[in-house]
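The structure appears right after this line, and notes come after that.
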Amino acid sequence: MKVSIDLDKCCGHARCYAVDSELFQLDDSGYALRADIDIPPGAEDKARQAVNECPERAISLH
Ligand code: SF4
């Protein structure tokens with residue numbers, strides 16, 4: 001499973017970081033750092049939670 005973040009939509013709410021600070025890393029301004037993230041086994045629920053919590057709908061699962 002992979003997560004994609006549309007960096008153009010990201011507005012730096014940091015909700016994804018609050019869900020899992022290792023998966024969702026932010027830059028110094030609080031915006032998502034990486035557009036493509038491999039989800040390790042066992043972290044799928046956190047990834048789904050982040051998708052639901054992003055106010056900009058910037059996160060998607062594949
Ligand atoms: S929750 Fe969404 S808008 Fe906020 S930092 Fe994460 S990807 Fe960006």
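Starting from 1 in every chain, residues are counted up; chains themselves are A, B, ... following the order of the structure tokens, and ligands are numbered from 1 as listed.
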
List every residue of chain A that DSSP, applied to the backbone of this structure, assigns to helix (DSSP H, G or I), and report them as a PDB file with N, CA and C atoms, in the first residue's frame.
ATOM      1  N   ARG A  15      -2.388  17.636  10.345  1.00  0.00           N
ATOM      2  CA  ARG A  15      -3.225  16.573  10.932  1.00  0.00           C
ATOM      3  C   ARG A  15      -2.608  15.204  10.639  1.00  0.00           C
ATOM      4  N   CYS A  16      -2.036  15.060   9.458  1.00  0.00           N
ATOM      5  CA  CYS A  16      -1.407  13.771   9.116  1.00  0.00           C
ATOM      6  C   CYS A  16      -0.243  13.485  10.065  1.00  0.00           C
ATOM      7  N   TYR A  17       0.529  14.465  10.354  1.00  0.00           N
ATOM      8  CA  TYR A  17       1.657  14.324  11.280  1.00  0.00           C
ATOM      9  C   TYR A  17       1.162  13.940  12.665  1.00  0.00           C
ATOM     10  N   ALA A  18       0.025  14.501  13.066  1.00  0.00           N
ATOM     11  CA  ALA A  18      -0.537  14.168  14.374  1.00  0.00           C
ATOM     12  C   ALA A  18      -0.975  12.708  14.426  1.00  0.00           C
ATOM     13  N   VAL A  19      -1.407  12.173  13.280  1.00  0.00           N
ATOM     14  CA  VAL A  19      -1.818  10.763  13.224  1.00  0.00           C
ATOM     15  C   VAL A  19      -0.598   9.856  13.319  1.00  0.00           C
ATOM     16  N   GLU A  44      -1.354   0.412   8.033  1.00  0.00           N
ATOM     17  CA  GLU A  44      -2.444   0.714   7.096  1.00  0.00           C
ATOM     18  C   GLU A  44      -3.569   1.517   7.758  1.00  0.00           C
ATOM     19  N   ASP A  45      -3.903   1.162   8.992  1.00  0.00           N
ATOM     20  CA  ASP A  45      -4.990   1.874   9.671  1.00  0.00           C
ATOM     21  C   ASP A  45      -4.637   3.343   9.893  1.00  0.00           C
ATOM     22  N   LYS A  46      -3.389   3.599  10.226  1.00  0.00           N
ATOM     23  CA  LYS A  46      -2.949   4.988  10.411  1.00  0.00           C
ATOM     24  C   LYS A  46      -3.038   5.755   9.092  1.00  0.00           C
ATOM     25  N   ALA A  47      -2.671   5.089   8.011  1.00  0.00           N
ATOM     26  CA  ALA A  47      -2.735   5.742   6.700  1.00  0.00           C
ATOM     27  C   ALA A  47      -4.175   6.105   6.356  1.00  0.00           C
ATOM     28  N   ARG A  48      -5.116   5.151   6.611  1.00  0.00           N
ATOM     29  CA  ARG A  48      -6.532   5.433   6.337  1.00  0.00           C
ATOM     30  C   ARG A  48      -7.034   6.576   7.209  1.00  0.00           C
ATOM     31  N   GLN A  49      -6.614   6.587   8.459  1.00  0.00           N
ATOM     32  CA  GLN A  49      -7.028   7.656   9.372  1.00  0.00           C
ATOM     33  C   GLN A  49      -6.549   9.009   8.867  1.00  0.00           C
ATOM     34  N   ALA A  50      -5.316   9.049   8.375  1.00  0.00           N
ATOM     35  CA  ALA A  50      -4.773  10.310   7.868  1.00  0.00           C
ATOM     36  C   ALA A  50      -5.559  10.792   6.648  1.00  0.00           C
ATOM     37  N   VAL A  51      -5.934   9.849   5.777  1.00  0.00           N
ATOM     38  CA  VAL A  51      -6.745  10.218   4.615  1.00  0.00           C
ATOM     39  C   VAL A  51      -8.021  10.910   5.072  1.00  0.00           C
ATOM     40  N   ASN A  52      -8.661  10.353   6.088  1.00  0.00           N
ATOM     41  CA  ASN A  52      -9.933  10.902   6.572  1.00  0.00           C
ATOM     42  C   ASN A  52      -9.760  12.226   7.303  1.00  0.00           C
ATOM     43  N   GLU A  53      -8.604  12.443   7.879  1.00  0.00           N
ATOM     44  CA  GLU A  53      -8.423  13.637   8.709  1.00  0.00           C
ATOM     45  C   GLU A  53      -7.861  14.841   7.959  1.00  0.00           C
TER      46      GLU A  53
END

**Request:** Please identify the residues whose atoms come within 10 Å of ligand 1, using only C-alpha atoms and all ligand atoms, and report them as an MDAnalysis selection string.
**Result:** chainID A and resid 4:19 24:27 29:35 50:60

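Those residues in chain A carrying a DSSP assignment of strand (DSSP E or B), computed from the backbone, are Lys2, Val3, Ser4, Ile5, Leu26, Ala32, Asp36, Ile37, Asp38, Ile59, Ser60 and Leu61 of chain A.
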
Contacts of Val3 in chain A within 7 Å, only C-alpha atoms, excl. fewer than 3 positions in-chain, as a PDB file with C-alpha atoms, in the first residue's frame:
ATOM      1  CA  ASP A  36       4.851   9.365  -2.199  1.00  0.00           C
ATOM      2  CA  ILE A  37       5.099   7.244   0.906  1.00  0.00           C
ATOM      3  CA  ASP A  38       5.368   3.455   1.202  1.00  0.00           C
ATOM      4  CA  ILE A  39       3.171   2.204   4.015  1.00  0.00           C
ATOM      5  CA  ILE A  59      -3.974  12.346   0.835  1.00  0.00           C
ATOM      6  CA  SER A  60      -4.959   9.286  -1.185  1.00  0.00           C
ATOM      7  CA  LEU A  61      -4.273   5.540  -0.887  1.00  0.00           C
ATOM      8  CA  HIS A  62      -3.165   3.165  -3.645  1.00  0.00           C
TER       9      HIS A  62
END
